[in-house]
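One file, run_7.tsv, is given below (TSV, C-alpha atoms and all ligand atoms).
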chain	number	residue	atom	x	y	z
A	237	MET	CA	-14.59	-25.41	16.41
A	238	ASN	CA	-15.09	-21.90	15.05
A	239	ASP	CA	-11.88	-20.21	13.88
A	240	THR	CA	-12.00	-16.71	15.36
A	241	THR	CA	-8.83	-15.55	13.58
A	242	LYS	CA	-9.55	-12.48	11.46
A	243	LEU	CA	-10.65	-13.42	7.95
A	244	LEU	CA	-7.85	-11.51	6.22
A	245	LEU	CA	-5.22	-13.41	8.21
A	246	ARG	CA	-6.80	-16.76	7.41
A	247	ALA	CA	-6.82	-15.97	3.70
A	248	ALA	CA	-3.22	-14.71	3.88
A	249	ARG	CA	-2.19	-18.08	5.40
A	250	GLY	CA	-4.17	-20.04	2.82
A	251	ASP	CA	-6.63	-21.41	5.43
A	252	ALA	CA	-10.26	-22.13	4.56
A	253	VAL	CA	-12.55	-19.07	4.62
A	254	PRO	CA	-16.37	-18.76	4.27
A	255	HIS	CA	-15.82	-16.03	1.63
A	256	ALA	CA	-12.88	-13.99	0.37
A	257	PRO	CA	-12.01	-11.07	2.65
A	258	VAL	CA	-12.33	-7.73	0.85
A	259	TRP	CA	-10.84	-4.24	1.28
A	260	PHE	CA	-9.86	-1.54	-1.21
A	261	MET	CA	-6.60	0.28	-1.70
A	262	ARG	CA	-7.32	4.01	-1.11
A	263	GLN	CA	-10.67	3.11	0.46
A	264	ALA	CA	-10.27	6.12	2.75
A	265	GLY	CA	-10.04	9.38	0.92
A	266	ARG	CA	-11.51	11.40	-1.85
A	267	SER	CA	-14.34	9.07	-2.95
A	268	LEU	CA	-16.02	9.69	0.44
A	269	PRO	CA	-17.95	12.95	1.13
A	270	GLU	CA	-17.33	12.52	4.88
A	271	TYR	CA	-13.56	12.49	4.16
A	272	ARG	CA	-13.72	15.59	1.96
A	273	GLU	CA	-15.65	17.40	4.66
A	274	LEU	CA	-13.19	16.47	7.38
A	275	ARG	CA	-10.15	17.38	5.26
A	276	ALA	CA	-11.56	20.70	4.00
A	277	ALA	CA	-9.70	22.72	6.63
A	278	VAL	CA	-6.70	20.44	7.33
A	279	GLY	CA	-3.63	19.83	5.16
A	280	MET	CA	-2.88	16.24	4.09
A	281	LEU	CA	0.31	15.76	6.09
A	282	GLU	CA	-1.14	17.53	9.12
A	283	SER	CA	-4.12	15.14	9.05
A	284	CYS	CA	-1.67	12.19	9.00
A	285	ARG	CA	0.03	13.49	12.17
A	286	ARG	CA	-3.19	13.85	14.20
A	287	PRO	CA	-4.17	10.51	15.82
A	288	ASP	CA	-7.83	11.56	16.26
A	289	LEU	CA	-8.15	12.37	12.54
A	290	VAL	CA	-6.17	9.30	11.44
A	291	CYS	CA	-8.50	7.13	13.52
A	292	GLU	CA	-11.68	8.75	12.19
A	293	ILE	CA	-10.60	8.72	8.52
A	294	THR	CA	-9.40	5.10	8.77
A	295	LEU	CA	-12.78	4.06	10.21
A	296	GLN	CA	-14.95	5.91	7.67
A	297	PRO	CA	-14.80	3.23	4.93
A	298	VAL	CA	-15.15	0.44	7.51
A	299	ARG	CA	-18.43	1.92	8.79
A	300	ARG	CA	-19.74	2.68	5.34
A	301	HIS	CA	-18.68	-0.38	3.32
A	302	LYS	CA	-18.24	-3.10	6.02
A	303	VAL	CA	-14.89	-4.08	4.52
A	304	ASP	CA	-12.89	-6.83	6.25
A	305	ALA	CA	-9.81	-4.67	6.71
A	306	ALA	CA	-8.98	-1.08	7.53
A	307	ILE	CA	-5.79	0.46	6.18
A	308	LEU	CA	-4.10	3.03	8.37
A	309	PHE	CA	-4.67	6.52	7.00
A	310	SER	CA	-1.20	7.87	6.27
A	311	ASP	CA	1.04	8.33	3.23
A	312	ILE	CA	4.27	6.80	2.00
A	313	VAL	CA	6.08	10.14	2.49
A	314	VAL	CA	5.09	10.50	6.18
A	315	PRO	CA	8.22	8.69	7.49
A	316	LEU	CA	10.44	10.70	5.12
A	317	GLN	CA	9.13	13.96	6.56
A	318	ALA	CA	9.51	12.56	10.09
A	319	ALA	CA	13.15	11.76	9.24
A	320	GLY	CA	13.70	15.43	8.44
A	321	ILE	CA	13.25	15.59	4.65
A	322	ASP	CA	11.61	18.86	3.53
A	323	LEU	CA	8.53	17.85	1.53
A	324	ASP	CA	4.80	18.45	1.28
A	325	ILE	CA	1.75	16.83	-0.30
A	326	VAL	CA	0.26	19.33	-2.70
A	327	ALA	CA	-3.48	19.00	-3.47
A	328	GLY	CA	-4.05	17.76	-7.01
A	329	THR	CA	-0.36	16.85	-7.49
A	330	GLY	CA	0.95	14.59	-4.73
A	331	PRO	CA	4.28	14.59	-2.85
A	332	VAL	CA	6.68	17.45	-3.71
A	333	VAL	CA	10.27	17.40	-2.39
A	334	ALA	CA	12.05	20.74	-1.75
A	335	GLU	CA	15.55	19.52	-2.64
A	336	PRO	CA	15.64	16.45	-4.89
A	337	VAL	CA	18.31	13.88	-3.94
A	338	ARG	CA	20.74	13.12	-6.77
A	339	THR	CA	24.22	13.03	-5.22
A	340	MET	CA	26.09	11.10	-2.53
A	341	ALA	CA	26.14	14.25	-0.39
A	342	GLY	CA	22.35	14.41	-0.72
A	343	VAL	CA	22.04	10.77	0.31
A	344	GLU	CA	24.34	11.23	3.28
A	345	ALA	CA	22.16	14.08	4.54
A	346	ILE	CA	19.21	11.66	4.94
A	347	ARG	CA	18.96	10.77	8.62
A	348	PRO	CA	17.61	7.49	10.00
A	349	LEU	CA	14.03	7.54	11.30
A	350	GLU	CA	13.69	7.58	15.07
A	351	GLY	CA	10.65	5.56	16.12
A	352	GLU	CA	9.58	8.31	18.56
A	353	SER	CA	9.22	10.81	15.73
A	354	VAL	CA	6.27	8.77	14.37
A	355	GLY	CA	4.71	8.24	17.81
A	356	PHE	CA	1.49	9.75	16.40
A	357	VAL	CA	1.13	6.62	14.23
A	358	ALA	CA	1.47	4.28	17.22
A	359	GLU	CA	-1.08	6.40	19.08
A	360	ALA	CA	-3.53	6.27	16.14
A	361	ILE	CA	-3.14	2.47	15.99
A	362	ARG	CA	-3.95	2.20	19.70
A	363	LEU	CA	-7.14	4.24	19.15
A	364	LEU	CA	-8.07	2.10	16.15
A	365	LEU	CA	-7.54	-1.26	17.84
A	366	ALA	CA	-10.05	-0.25	20.50
A	367	GLU	CA	-12.68	0.31	17.77
A	368	LEU	CA	-12.07	-2.31	15.11
A	369	GLY	CA	-13.22	-5.63	16.61
A	370	ASP	CA	-13.04	-8.39	13.95
A	371	THR	CA	-11.88	-5.99	11.24
A	372	ALA	CA	-8.18	-6.40	10.50
A	373	LEU	CA	-5.89	-3.35	10.59
A	374	ILE	CA	-3.28	-3.11	7.84
A	375	GLY	CA	-0.20	-0.94	8.30
A	376	PHE	CA	1.84	0.15	5.30
A	377	ALA	CA	4.91	1.87	3.93
A	378	GLY	CA	6.45	2.72	0.56
A	379	ALA	CA	9.20	0.43	-0.75
A	380	PRO	CA	12.69	1.85	-1.40
A	381	PHE	CA	12.29	2.13	-5.21
A	382	THR	CA	8.98	4.01	-5.07
A	383	LEU	CA	10.22	6.34	-2.31
A	384	ALA	CA	13.47	6.92	-4.21
A	385	SER	CA	11.45	7.89	-7.27
A	386	TYR	CA	9.77	10.78	-5.38
A	387	LEU	CA	13.07	11.91	-3.82
A	388	VAL	CA	15.09	11.81	-7.05
A	389	GLU	CA	12.42	13.27	-9.35
A	390	GLY	CA	11.29	15.80	-6.75
A	391	GLY	CA	7.64	14.80	-7.23
A	392	PRO	CA	5.30	12.52	-9.18
A	393	SER	CA	6.70	11.24	-12.45
A	394	LYS	CA	5.44	9.28	-15.42
A	395	HIS	CA	8.60	7.59	-16.65
A	396	HIS	CA	10.96	7.88	-13.64
A	397	THR	CA	13.66	9.11	-16.00
A	398	LYS	CA	15.94	10.83	-13.48
A	399	THR	CA	15.51	7.93	-11.07
A	400	LYS	CA	16.62	5.38	-13.66
A	401	ALA	CA	19.43	7.66	-14.86
A	402	LEU	CA	20.81	7.70	-11.30
A	403	MET	CA	20.33	3.94	-10.93
A	404	TYR	CA	22.26	3.17	-14.15
A	405	GLY	CA	24.72	6.07	-14.02
A	406	ALA	CA	25.72	6.11	-10.36
A	407	PRO	CA	24.90	2.71	-8.87
A	408	ASP	CA	26.90	3.45	-5.71
A	409	VAL	CA	24.74	6.52	-4.99
A	410	TRP	CA	21.62	4.53	-5.90
A	411	HIS	CA	22.38	1.65	-3.53
A	412	ALA	CA	23.36	4.04	-0.73
A	413	LEU	CA	20.03	5.88	-1.20
A	414	CYS	CA	17.97	2.68	-1.20
A	415	ASP	CA	19.88	1.40	1.82
A	416	ARG	CA	18.88	4.49	3.82
A	417	LEU	CA	15.29	4.32	2.58
A	418	ALA	CA	15.08	0.63	3.51
A	419	GLY	CA	16.15	1.55	7.05
A	420	ILE	CA	13.49	4.29	7.30
A	421	THR	CA	10.78	2.01	5.90
A	422	ARG	CA	11.69	-0.89	8.17
A	423	THR	CA	11.57	1.34	11.25
A	424	PHE	CA	8.23	2.84	10.15
A	425	LEU	CA	6.72	-0.63	9.69
A	426	GLN	CA	8.22	-1.90	12.95
A	427	VAL	CA	6.54	0.94	14.86
A	428	GLN	CA	3.22	-0.14	13.31
A	429	VAL	CA	3.76	-3.85	14.03
A	430	ASP	CA	4.82	-3.13	17.62
A	431	ALA	CA	1.67	-1.01	18.06
A	432	GLY	CA	-0.45	-3.99	16.97
A	433	VAL	CA	-1.37	-3.91	13.26
A	434	ASP	CA	-2.52	-7.31	11.93
A	435	ALA	CA	-0.69	-7.18	8.59
A	436	VAL	CA	1.54	-4.84	6.60
A	437	GLN	CA	1.55	-3.85	2.94
A	438	LEU	CA	4.73	-2.69	1.24
A	439	PHE	CA	3.75	-0.49	-1.71
A	440	ASP	CA	6.28	-0.58	-4.54
A	441	SER	CA	3.75	1.14	-6.77
A	442	TRP	CA	6.19	2.17	-9.51
A	443	ALA	CA	8.50	-0.92	-9.63
A	444	GLY	CA	6.72	-2.03	-12.81
A	445	ALA	CA	8.84	0.57	-14.65
A	446	LEU	CA	11.78	-1.87	-14.40
A	447	SER	CA	12.78	-5.05	-16.24
A	448	GLU	CA	13.04	-8.17	-14.11
A	449	ALA	CA	16.84	-8.18	-14.38
A	450	ASP	CA	17.10	-4.55	-13.21
A	451	TYR	CA	14.55	-5.13	-10.46
A	452	ARG	CA	16.62	-8.05	-9.16
A	453	ARG	CA	19.86	-6.07	-9.33
A	454	TYR	CA	18.84	-2.63	-8.11
A	455	VAL	CA	15.70	-3.10	-6.01
A	456	LEU	CA	15.06	-6.60	-4.69
A	457	PRO	CA	17.91	-6.62	-2.10
A	458	HIS	CA	16.58	-3.43	-0.53
A	459	SER	CA	12.94	-4.55	-0.43
A	460	ARG	CA	14.09	-7.89	0.98
A	461	ALA	CA	15.99	-6.05	3.74
A	462	VAL	CA	12.70	-4.39	4.71
A	463	LEU	CA	10.47	-7.47	4.56
A	464	THR	CA	12.85	-9.94	6.19
A	465	GLY	CA	14.29	-7.42	8.68
A	466	LEU	CA	10.83	-6.69	10.12
A	467	ARG	CA	10.19	-8.56	13.38
A	468	GLY	CA	6.78	-10.03	14.15
A	469	PRO	CA	4.48	-12.73	12.79
A	470	VAL	CA	2.32	-10.43	10.65
A	471	PRO	CA	1.68	-11.31	6.98
A	472	ARG	CA	3.59	-9.16	4.51
A	473	ILE	CA	1.64	-8.03	1.43
A	474	HIS	CA	3.80	-6.74	-1.43
A	475	PHE	CA	2.16	-4.75	-4.23
A	476	GLY	CA	3.14	-2.86	-7.37
A	477	VAL	CA	1.48	-1.70	-10.60
A	478	GLY	CA	2.41	-3.26	-13.96
A	479	THR	CA	4.45	-5.99	-12.27
A	480	ALA	CA	3.37	-9.06	-14.27
A	481	GLU	CA	7.01	-9.89	-15.08
A	482	LEU	CA	8.19	-9.10	-11.53
A	483	LEU	CA	5.73	-11.21	-9.52
A	484	PRO	CA	8.18	-14.09	-8.76
A	485	ALA	CA	10.95	-11.65	-7.81
A	486	MET	CA	8.59	-9.61	-5.61
A	487	ALA	CA	7.49	-12.82	-3.90
A	488	GLU	CA	11.15	-13.76	-3.33
A	489	ALA	CA	11.72	-10.41	-1.63
A	490	GLY	CA	9.76	-11.83	1.30
A	491	ALA	CA	6.04	-11.52	0.53
A	492	ASP	CA	3.44	-13.80	2.08
A	493	VAL	CA	0.75	-12.26	-0.11
A	494	VAL	CA	1.45	-10.90	-3.59
A	495	GLY	CA	-0.65	-7.94	-4.74
A	496	VAL	CA	-1.57	-8.03	-8.44
A	497	ASP	CA	-2.87	-5.23	-10.66
A	498	TRP	CA	-5.73	-5.73	-13.15
A	499	ARG	CA	-3.47	-6.56	-16.10
A	500	THR	CA	-2.61	-10.08	-14.94
A	501	PRO	CA	-5.48	-12.54	-14.38
A	502	LEU	CA	-5.17	-14.04	-10.90
A	503	ASP	CA	-5.01	-17.62	-12.21
A	504	VAL	CA	-2.00	-16.60	-14.32
A	505	ALA	CA	-0.44	-14.85	-11.30
A	506	ALA	CA	-1.09	-17.97	-9.16
A	507	ALA	CA	0.94	-20.06	-11.59
A	508	ARG	CA	3.79	-17.54	-11.45
A	509	VAL	CA	4.04	-17.50	-7.63
A	510	PRO	CA	3.06	-21.02	-6.55
A	511	GLY	CA	2.21	-21.36	-2.87
A	512	LYS	CA	1.60	-17.64	-2.32
A	513	ALA	CA	-1.72	-16.05	-1.44
A	514	LEU	CA	-2.82	-13.28	-3.83
A	515	GLN	CA	-4.52	-9.91	-3.41
A	516	GLY	CA	-6.45	-8.10	-6.14
A	517	ASN	CA	-7.39	-7.30	-8.83
A	518	LEU	CA	-10.58	-5.69	-10.21
A	519	ASP	CA	-9.78	-2.78	-12.55
A	520	PRO	CA	-10.76	0.37	-10.56
A	521	CYS	CA	-12.35	1.77	-13.75
A	522	VAL	CA	-14.89	-1.10	-13.78
A	523	LEU	CA	-16.56	0.63	-10.82
A	524	LEU	CA	-17.49	3.50	-13.15
A	525	ALA	CA	-19.59	1.08	-15.27
A	526	PRO	CA	-23.20	-0.13	-14.66
A	527	TRP	CA	-23.65	-2.63	-11.80
A	528	GLU	CA	-24.11	-5.62	-14.14
A	529	VAL	CA	-20.56	-5.12	-15.43
A	530	VAL	CA	-19.17	-4.73	-11.90
A	531	GLU	CA	-20.86	-7.96	-10.83
A	532	GLN	CA	-19.68	-9.92	-13.85
A	533	GLU	CA	-16.08	-8.73	-13.49
A	534	ALA	CA	-16.04	-9.28	-9.72
A	535	ARG	CA	-17.27	-12.86	-10.17
A	536	ARG	CA	-14.53	-13.45	-12.75
A	537	VAL	CA	-11.89	-12.15	-10.33
A	538	LEU	CA	-13.26	-14.41	-7.57
A	539	GLY	CA	-13.16	-17.44	-9.86
A	540	GLU	CA	-9.59	-16.74	-10.96
A	541	GLY	CA	-8.51	-15.92	-7.38
A	542	ALA	CA	-9.78	-19.32	-6.24
A	543	LYS	CA	-6.80	-20.84	-8.11
A	544	ALA	CA	-4.43	-19.37	-5.47
A	545	PRO	CA	-3.95	-20.94	-2.01
A	546	GLY	CA	-5.58	-17.82	-0.52
A	547	HIS	CA	-7.29	-14.78	-2.06
A	548	ILE	CA	-7.91	-11.31	-0.61
A	549	PHE	CA	-10.32	-9.43	-2.90
A	550	ASN	CA	-9.21	-5.89	-3.76
A	551	LEU	CA	-8.93	-3.58	-6.73
A	552	GLY	CA	-5.90	-3.70	-9.03
A	553	HIS	CA	-4.90	-0.22	-7.74
A	554	GLY	CA	-6.48	2.53	-5.67
A	555	VAL	CA	-10.13	3.64	-5.66
A	556	LEU	CA	-10.57	6.47	-8.17
A	557	PRO	CA	-11.84	9.74	-6.60
A	558	GLU	CA	-14.86	9.80	-8.94
A	559	THR	CA	-16.08	6.36	-7.79
A	560	ASP	CA	-19.65	6.23	-6.43
A	561	PRO	CA	-19.18	5.03	-2.84
A	562	ASP	CA	-22.46	3.07	-3.06
A	563	ALA	CA	-20.92	0.89	-5.78
A	564	LEU	CA	-18.14	-0.06	-3.35
A	565	THR	CA	-20.64	-0.88	-0.61
A	566	ARG	CA	-22.59	-3.07	-3.02
A	567	LEU	CA	-19.40	-4.78	-4.18
A	568	VAL	CA	-18.51	-5.70	-0.58
A	569	GLU	CA	-22.01	-7.22	-0.16
A	570	LEU	CA	-21.50	-9.24	-3.33
A	571	ILE	CA	-18.11	-10.59	-2.22
A	572	HIS	CA	-19.54	-11.50	1.20
A	573	THR	CA	-22.41	-13.49	-0.31
A	574	ALA	CA	-20.83	-14.88	-3.50
A	601	LIG	O1	-5.62	15.69	-0.14
A	601	LIG	C1	-5.71	14.48	-0.40
A	601	LIG	O2	-6.73	13.83	-0.10
A	601	LIG	C2	-4.50	13.92	-1.09
A	601	LIG	C3	-4.69	12.59	-1.71
A	601	LIG	C4	-3.93	11.54	-0.92
A	601	LIG	C5	-4.47	10.58	-0.04
A	601	LIG	C6	-5.92	10.38	0.35
A	601	LIG	C7	-2.54	11.35	-0.96
A	601	LIG	C8	-1.54	12.17	-1.70
A	601	LIG	N1	-2.22	10.31	-0.10
A	601	LIG	C9	-3.37	9.79	0.47
A	601	LIG	C10	-3.46	8.71	1.48
A	601	LIG	C11	-2.78	7.44	1.18
A	601	LIG	N2	-1.61	7.32	0.46
A	601	LIG	C12	-3.14	6.15	1.65
A	601	LIG	C13	-4.27	5.86	2.66
A	601	LIG	C14	-5.62	5.82	2.06
A	601	LIG	C15	-6.21	4.45	1.85
A	601	LIG	O3	-5.61	3.61	1.18
A	601	LIG	O4	-7.33	4.22	2.30
A	601	LIG	C16	-2.21	5.24	1.12
A	601	LIG	C17	-2.22	3.73	1.28
A	601	LIG	C18	-1.26	5.99	0.37
A	601	LIG	C19	-0.07	5.40	-0.25
A	601	LIG	C20	0.59	6.11	-1.37
A	601	LIG	N3	0.87	7.44	-1.50
A	601	LIG	C21	1.15	5.45	-2.49
A	601	LIG	C22	1.14	3.97	-2.66
A	601	LIG	C23	-0.23	3.49	-3.04
A	601	LIG	C24	-0.61	3.72	-4.47
A	601	LIG	O5	-1.66	4.35	-4.67
A	601	LIG	O6	0.12	3.26	-5.35
A	601	LIG	C25	1.72	6.40	-3.32
A	601	LIG	C26	2.41	6.16	-4.63
A	601	LIG	C27	1.55	7.67	-2.70
A	601	LIG	C28	2.04	8.97	-3.16
A	601	LIG	C29	0.90	9.93	-3.28
A	601	LIG	N4	0.37	10.59	-2.20
A	601	LIG	C30	-0.68	11.36	-2.61
A	601	LIG	C31	-0.83	11.19	-4.02
A	601	LIG	C32	-1.86	11.86	-4.87
A	601	LIG	C33	0.16	10.28	-4.42
A	601	LIG	C34	0.41	9.76	-5.83
A	601	LIG	C35	1.11	10.78	-6.68
A	601	LIG	C36	1.61	10.17	-7.99
A	601	LIG	O7	0.76	9.95	-8.89
A	601	LIG	O8	2.82	9.92	-8.11
When written as structure tokens, how does the structure in this file appear?
Amino acid sequence: MNDTTKLLLRAARGDAVPHAPVWFMRQAGRSLPEYRELRAAVGMLESCRRPDLVCEITLQPVRRHKVDAAILFSDIVVPLQAAGIDLDIVAGTGPVVAEPVRTMAGVEAIRPLEGESVGFVAEAIRLLLAELGDTALIGFAGAPFTLASYLVEGGPSKHHTKTKALMYGAPDVWHALCDRLAGITRTFLQVQVDAGVDAVQLFDSWAGALSEADYRRYVLPHSRAVLTGLRGPVPRIHFGVGTAELLPAMAEAGADVVGVDWRTPLDVAAARVPGKALQGNLDPCVLLAPWEVVEQEARRVLGEGAKAPGHIFNLGHGVLPETDPDALTRLVELIHTA
């Protein structure tokens, strides 16, 4: 009998698949001329709040590349703004927070997220489900540590110095902050699951800045509260950059699929998180090289990924804006026929 379950879900469960499912982190966005055109007159956060635009931008890479999954077009700071935090996404910089949070009073001013205040996301998901057919729809949110980093620093940061200073220097404030962020993230994901997404990805992009011991002490309980508090049978993908030493702890936080960056070969990752499906992990910079290099590296990733119970092909982090979209289309064809 033919299994009609979406390919991404079969791979996430470790079931047999005809080929690895493939999608790309940041597949929507600046590498696509049709995205740049659509966004020319609309601010980033405004585009995230308009269901018609969210639907169109989410579908653009699906139409163009024939990927096996769409990822909802949004941003990790969308639920923070919906919860009343004054912030914006500045072109060329990223999220910028008006009043950085560094005290208990600042933490206590953060309100819980009301599901209705992100109703535009549920509406966008309804529009998308009517269009997507066999293509899986992935919802997502930022994990407490990565969100805390933007709130404490006030914007993007290389070393997360102020964030770690707060974590070490005022652990009560730190845990109170992460507790509130875990609540916001869980509600944001629950809205997406209730609206019908097939899977969720929790991005803890910057957790790799921590040692394993500090991750377990300061971060894991909060990410676990998100992943295990979420109701619904959808697979949970958990991803961060530079997390080779954290993979077992990130799996323990409640991941069904562990996302891996390009630094850790997938066969090595498979040995570190036995029984878990993996997602990754072609270096996004490889796509700037001639096709022969892309093909060789993609085949290596597929071979190493075959050591895991299930493998979802992806990059090791997001698509770089300067990537030639045709290289991504060709890569999808390769994965589908390899
Ligand atoms: O004007 C623009 O086009 C702004 C660029 C942009 C885009 C396209 C930002 C600002 N966010 C997004 C969309 C986005 N953000 C998506 C959907 C697109 C897709 O994947 O197809 C997703 C999944 C995110 C998630 C996100 N935002 C993360 C986690 C993923 C990751 O890349 O690690 C993070 C860390 C952010 C913060 C953020 N938002 C935007 C930027 C430039 C950044 C990073 C800033 C920094 O370097 O700290």
Review point. If we count only C-alpha atoms, what is near A:Gly546 at a cut-off of 9 Å, once residues fewer than 2 positions away on the same chain are taken out, given as a list in words?
Key: Arg246, Ala247, Ala248, Arg249, Gly250, Asp251, Ala252, Val253, Ala256, Val493, Gly511, Lys512, Ala513, Leu514, Gln515, Gly541, Ala542, Lys543, Ala544 and Ile548 of chain A
Exercise for review: Using all atoms listed in the file, find the one residue out of A:Leu243, A:Trp259, A:Glu367, A:Asp503 that sits nearest to A:Glu292.
Suggested key: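 The closest residue to A:Glu292 is A:Glu367.
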Review point. Could you pull the residues within 8 Å of A:Asp324, counting only C-alpha atoms, minus those fewer than 2 positions along the same chain, as a ChimeraX atom specification?
Key: /A:281,322,326,331-333
Output the selection as a compact mmCIF listing (two decimals), in the coordinates of the input - C-alpha atoms for each residue.
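Okay, this is what ended up in again_6.txt:
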# COMPACT_ATOMS: atom_id res chain seq x y z
CA LEU A 281 0.31 15.76 6.09
CA ASP A 322 11.61 18.86 3.53
CA VAL A 326 0.26 19.33 -2.70
CA PRO A 331 4.28 14.59 -2.85
CA VAL A 332 6.68 17.45 -3.71
CA VAL A 333 10.27 17.40 -2.39
**Study point:** Given 6 Å and only C-alpha atoms and all ligand atoms, residues near ligand LIG 601 (chain A) as a PyMOL selection string
**Key:** chain A and resi 261-266+280+307+309-312+325+327+329-331+392-393+439+441+554
Review point. Out of A:Gly342, A:Gly369, A:Gly444, A:Gly490, which residue has the shortest atom-to-atom distance to A:Asp304 when counting only C-alpha atoms?
Key: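 Of A:Gly342, A:Gly369, A:Gly444, A:Gly490, the one nearest A:Asp304 is A:Gly369, counting only C-alpha atoms.
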